[in-house]
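Colleague: The structure follows.
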Amino acid sequence: MRILIIADLHLDLWDHAKRDPFGPMPPIFQTLDAVIIAGDLSNDPMKNWPCALARISRLIEPSKVWVVPGNHDYYGWNLAGDDDLRTLAEQAGMHFAQKTSVELGGVRFLCCTLWTDFNLHSEPHVSKVIAQRAMNDYFQIHREPIGSDLIHPDDVLKKHREHLAWLARELDKAFDGRTVIVTHHCPSRSALGPDNRLAPAYCSDLDQVMVRSPADLWLFGHTHRRLSGRSNNIPVVNVSLGYPREVADHHIVDIFMRGLIDTAIPGPFGVGRSWT
C-alpha cells in the first residue's frame with residue numbers, strides 16, 4: 001500500500017492566500033491507498049473543517065483518509081472537543097485518529113496529537129510561563145465548550161501524559177509487523193533544529209521512551225521545519241507542509257513526498273532514502 005502522511009496543511013490560510021497546495025498533487029493522490037493528516041488541517045474547525053475535508057475528498061476517496069488533530073485544530077474550539085471533531089470527520093466519510101491504532105498494509109500506525117511536556121530545557125515551570133505568554137494556543141483554545149476559560153499549559157501537560165501513556169500501552173502490545181508513530185508534536189530534539197525559548201512548546205525529549213520502543217519510524221509536524229533526526233536508531237522525520245508564505249510552488253511535490261510510505265517495500269523505513 002502507498003500511504004501518505006502530511007502535517008500542517010492549514011487549508012484555511014492557503015485559501016485566504018488564494019493558493020492551492022494541492023495544485024500539482026492530483027496525479028499522486030490517485031496512486032495512494034491511504035492518507036493520514038498529522039494535525040493542523042485548519043483553524044476554527046466547526047467553521048473550516050467541512051470545506052477542508054470536502055477539498056481533500058475531491059482528491060481521494062474519503063474512506064481512505066485519517067485525520068489526527070493538531071493544536072490549530074482546536075483554535076476557536078476547545079480541548080475537550082474531540083467528539084465533535086470526530087463527528088465532522090465521519091460526516092465527511094473520513095476517520096478521526098486521536099489515540100488511534102490503524103493497520104494498513106501490515107504496518108501499524110499509532111496516531112495521536114501528543115502535545116508537549118515543557119521539559120526540553122529541564123525548566124518546565126519557566127517554559128510553561130513563556131509558552132502561555134507567547135503561544136497563540138493560550139489565546140485561542142478553551143478548556144471546555146466555548147464560554148469556559150482558556151487553556152493553561154498544565155492542561156496541555158495533562159493531555160501529553162495521557163497521550164504518552166496511550167502510546168506506551170499500544171507499543172507494549174504484540175504486533176507482527178512494522179510500526180510507525182504519527183504525532184503532531186515533535187518527540188525528539190534530534191529533529192527540532194535551532195533551539196529557542198519557545199522550543200519546549202513544540203518538542204519533548206522522548207529519547208528515553210524510544211529506548212524501549214519497537215517503532216520503526218516516527219513522523220510528526222508542528223514545527224514547520226522539514227528536518228529529520230534519529231533517536232535510538234529510529235528515524236524521526238518532520239512532514240509539515242506549512243503556511244503559504246513558507247512554501248514555494250515548485251517545492252510542494254517534494255514536501256508532500258517526504259511522508260510517502262510504500263508498505264510493499266520490505267525492511268527498515270528510510271533505507272536508501274535521504275530525509276533532509
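FYI, nothing fancy with the C-alpha cells labels: chains A, B, ... in order, residues from 1 per chain, ligands from 1 as they appear.
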Counting only C-alpha atoms, what are the residues of stretch 137-164 of chain A within 12 Å of stretch 202-222 of chain A, and for each of them which pair of atoms is the nearest and at what distance in Å, to one decimal? Sort the table by chain and rising number, as CSV.
Modeller:
```
residue,atom,partner,partner_atom,distance
A:Asp137,CA,A:Tyr202,CA,11.5
A:Val156,CA,A:Tyr202,CA,11.6
A:Leu157,CA,A:Ser204,CA,10.8
A:His160,CA,A:Ser204,CA,9.6
A:Arg161,CA,A:Ser204,CA,11.4
A:Leu164,CA,A:Val209,CA,9.1
```
Colleague: Save the residues we just selected, N, CA and C atoms, as a PDB file, in the first residue's frame?
Modeller:
```pdb
ATOM      1  N   ASP A 137      -1.866  29.320  21.156  1.00  0.00           N
ATOM      2  CA  ASP A 137      -2.725  28.282  21.739  1.00  0.00           C
ATOM      3  C   ASP A 137      -3.458  28.800  22.967  1.00  0.00           C
ATOM      4  N   VAL A 156      -2.383  21.254  28.822  1.00  0.00           N
ATOM      5  CA  VAL A 156      -1.636  20.608  27.738  1.00  0.00           C
ATOM      6  C   VAL A 156      -0.749  19.491  28.295  1.00  0.00           C
ATOM      7  N   LEU A 157      -0.096  19.751  29.416  1.00  0.00           N
ATOM      8  CA  LEU A 157       0.752  18.730  30.037  1.00  0.00           C
ATOM      9  C   LEU A 157      -0.068  17.494  30.406  1.00  0.00           C
ATOM     10  N   HIS A 160      -0.677  15.636  27.272  1.00  0.00           N
ATOM     11  CA  HIS A 160       0.566  14.982  26.844  1.00  0.00           C
ATOM     12  C   HIS A 160       0.772  13.666  27.598  1.00  0.00           C
ATOM     13  N   ARG A 161       0.601  13.703  28.899  1.00  0.00           N
ATOM     14  CA  ARG A 161       0.798  12.491  29.694  1.00  0.00           C
ATOM     15  C   ARG A 161      -0.219  11.418  29.317  1.00  0.00           C
ATOM     16  N   LEU A 164       0.895  10.055  25.903  1.00  0.00           N
ATOM     17  CA  LEU A 164       2.123   9.264  26.037  1.00  0.00           C
ATOM     18  C   LEU A 164       1.825   7.912  26.686  1.00  0.00           C
TER      19      LEU A 164
END
```
Colleague: Pick out the closest residue to A:Phe96 from this set: A:Ile36, A:Leu260, A:Leu198, A:Leu114. Count only C-alpha atoms.
Modeller: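 Closest candidate: A:Ile36.
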Colleague: Of the candidates A:Trp66, A:Phe139, A:Tyr243, A:Tyr74, which one gets nearest to A:Asp33 if we count only C-alpha atoms?
Modeller: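 Distance minimum relative to A:Asp33 lands on A:Trp66.
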Colleague: Report the closest atom pair, with its distance in Å rounded to one decimal, for each residue of stretch 113-183 of chain A that has an atom no farther than 12 Å from stretch 5-18 of chain A; count only C-alpha atoms, sort by chain and then rising residue number, and write it as a tab-separated table.
Modeller:
```
residue	atom	partner	partner_atom	distance
A:Thr113	CA	A:Ala7	CA	11.1
A:Val180	CA	A:Ile5	CA	10.6
A:Ile181	CA	A:Ile5	CA	10.8
A:Val182	CA	A:Ile5	CA	8.2
A:Thr183	CA	A:Ala7	CA	9.1
```
Colleague: Keeping C-alpha atoms, export the residues of the selection given above as a short mmCIF file (atom, residue, chain, number, x, y, z; two decimals), in the first residue's frame.
Modeller:
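Saved the output as result_33.cif:
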```
data_model
loop_
_atom_site.label_atom_id
_atom_site.label_comp_id
_atom_site.auth_asym_id
_atom_site.auth_seq_id
_atom_site.Cartn_x
_atom_site.Cartn_y
_atom_site.Cartn_z
CA THR A 113 -1.62 14.73 18.92
CA VAL A 180 5.04 3.91 12.54
CA ILE A 181 4.18 6.54 15.15
CA VAL A 182 2.35 9.59 13.80
CA THR A 183 2.02 12.62 16.08
#
```
Colleague: Which one of A:Asn232, A:Ser63, A:Ser190, A:Thr31 sits closest to A:Met94 if you count only C-alpha atoms?
Modeller: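 Among the listed residues, A:Ser63 lies closest to A:Met94.
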Colleague: List every residue of stretch 8-175 of chain A that DSSP, applied to the backbone of this structure, assigns to strand (DSSP E), and report them as a list in words.
Modeller: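 So the strand (DSSP E) residues in stretch 8-175 of chain A would be Ala34, Val35, Ile36, Ile37, Ala38, Val65, Trp66, Val67, Val68, Trp77, Asn78, His95, Phe96, Thr100, Ser101, Val102, Glu103, Leu104, Val107, Arg108, Phe109, Leu110, Cys111, Cys112, Ile141 and His142 of chain A.
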Colleague: When DSSP is applied to the backbone of this structure, which of stretch 21-223 of chain A are assigned helix (DSSP H, G or I)? Write them out as a ChimeraX atom specification.
Modeller: /A:26-29,45-57,62-64,71-74,82-91,124-134,137-140,153-172,189-191,199-201,207-211
Colleague: Would you export the selected residues with C-alpha atoms as a CSV table (one decimal), in the first residue's frame, please?
Modeller:
```csv
chain,number,residue,atom,x,y,z
A,26,PRO,CA,-3.9,15.0,-8.1
A,27,PRO,CA,-1.9,12.5,-10.1
A,28,ILE,CA,0.0,11.5,-7.0
A,29,PHE,CA,-3.2,11.2,-4.9
A,45,PRO,CA,-12.7,23.5,12.9
A,46,MET,CA,-16.5,24.0,13.3
A,47,LYS,CA,-16.4,26.6,10.5
A,48,ASN,CA,-13.5,25.4,8.4
A,49,TRP,CA,-13.2,21.6,8.6
A,50,PRO,CA,-16.2,20.8,6.4
A,51,CYS,CA,-14.8,22.8,3.5
A,52,ALA,CA,-11.2,21.4,4.1
A,53,LEU,CA,-12.4,17.8,4.3
A,54,ALA,CA,-14.5,18.3,1.2
A,55,ARG,CA,-11.5,19.6,-0.7
A,56,ILE,CA,-9.5,16.5,0.2
A,57,SER,CA,-12.4,14.3,-0.8
A,62,PRO,CA,-12.9,9.8,1.9
A,63,SER,CA,-12.8,6.4,3.5
A,64,LYS,CA,-9.0,6.3,2.8
A,71,ASN,CA,-3.1,22.4,18.1
A,72,HIS,CA,-4.5,24.6,15.4
A,73,ASP,CA,-7.5,22.3,15.0
A,74,TYR,CA,-8.6,23.4,18.5
A,82,ASP,CA,-12.6,15.6,20.2
A,83,ASP,CA,-16.1,14.0,19.9
A,84,ASP,CA,-17.3,16.9,17.7
A,85,LEU,CA,-14.2,16.7,15.6
A,86,ARG,CA,-14.8,13.0,15.2
A,87,THR,CA,-18.3,13.8,14.1
A,88,LEU,CA,-17.1,16.3,11.4
A,89,ALA,CA,-14.6,13.7,10.1
A,90,GLU,CA,-17.2,10.9,10.0
A,91,GLN,CA,-19.8,13.2,8.3
A,124,PRO,CA,9.2,23.2,32.9
A,125,HIS,CA,7.8,26.0,35.1
A,126,VAL,CA,9.8,28.6,33.2
A,127,SER,CA,8.9,27.0,29.8
A,128,LYS,CA,5.2,27.0,30.7
A,129,VAL,CA,5.2,30.7,31.6
A,130,ILE,CA,7.0,31.6,28.3
A,131,ALA,CA,4.6,29.4,26.3
A,132,GLN,CA,1.5,30.9,27.9
A,133,ARG,CA,2.7,34.4,27.2
A,134,ALA,CA,3.8,33.8,23.6
A,137,ASP,CA,-2.7,28.3,21.7
A,138,TYR,CA,-3.3,30.0,25.1
A,139,PHE,CA,-5.3,32.8,23.5
A,140,GLN,CA,-7.3,30.6,21.0
A,153,PRO,CA,0.0,24.8,29.9
A,154,ASP,CA,-1.0,22.4,32.7
A,155,ASP,CA,-4.0,21.4,30.6
A,156,VAL,CA,-1.6,20.6,27.7
A,157,LEU,CA,0.8,18.7,30.0
A,158,LYS,CA,-2.1,16.6,31.3
A,159,LYS,CA,-3.1,15.7,27.7
A,160,HIS,CA,0.6,15.0,26.8
A,161,ARG,CA,0.8,12.5,29.7
A,162,GLU,CA,-2.5,10.9,28.6
A,163,HIS,CA,-1.3,10.5,25.0
A,164,LEU,CA,2.1,9.3,26.0
A,165,ALA,CA,0.6,6.7,28.3
A,166,TRP,CA,-1.7,5.5,25.4
A,167,LEU,CA,1.3,5.2,23.1
A,168,ALA,CA,3.2,3.2,25.7
A,169,ARG,CA,0.3,0.8,26.1
A,170,GLU,CA,0.0,0.3,22.3
A,171,LEU,CA,3.7,-0.2,21.9
A,172,ASP,CA,3.6,-2.9,24.6
A,189,ARG,CA,15.4,17.3,19.8
A,190,SER,CA,17.3,15.5,17.1
A,191,ALA,CA,14.7,16.7,14.6
A,199,ALA,CA,11.1,25.1,21.8
A,200,PRO,CA,9.6,23.3,24.8
A,201,ALA,CA,6.1,24.2,23.4
A,207,ASP,CA,14.5,9.6,23.6
A,208,GLN,CA,14.2,7.5,26.7
A,209,VAL,CA,10.7,6.4,25.6
A,210,MET,CA,12.2,5.3,22.3
A,211,VAL,CA,14.8,3.1,24.1
```
Colleague: Could you tell me which of A:Gly70, A:Gly93, A:Pro145, A:Gly81 comes closest to A:Cys111 if we count only C-alpha atoms?
Modeller: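 Smallest separation from A:Cys111 among the options: A:Gly70.
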Colleague: Fewer than 6 positions away in the same chain doesn't count, so skip those; otherwise give me all residues within 9 Å of A:Gly193, counting only C-alpha atoms, as a PyMOL selection string.
Modeller: chain A and resi 225+227-228
Colleague: Take the residues from that selection and put them in a file with C-alpha atoms, as a CSV table (one decimal), in the first residue's frame.
Modeller:
```
chain,number,residue,atom,x,y,z
A,225,ARG,CA,10.9,22.7,9.9
A,227,LEU,CA,14.2,18.2,9.3
A,228,SER,CA,14.9,14.7,10.3
```
Colleague: So the first atom is atom CA of A:Arg2 and the second is atom CA of A:Thr263; what is the distance between them in Å, to one decimal place?
Modeller: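 Going from atom CA of A:Arg2 over to atom CA of A:Thr263, I get 6.5 Å.
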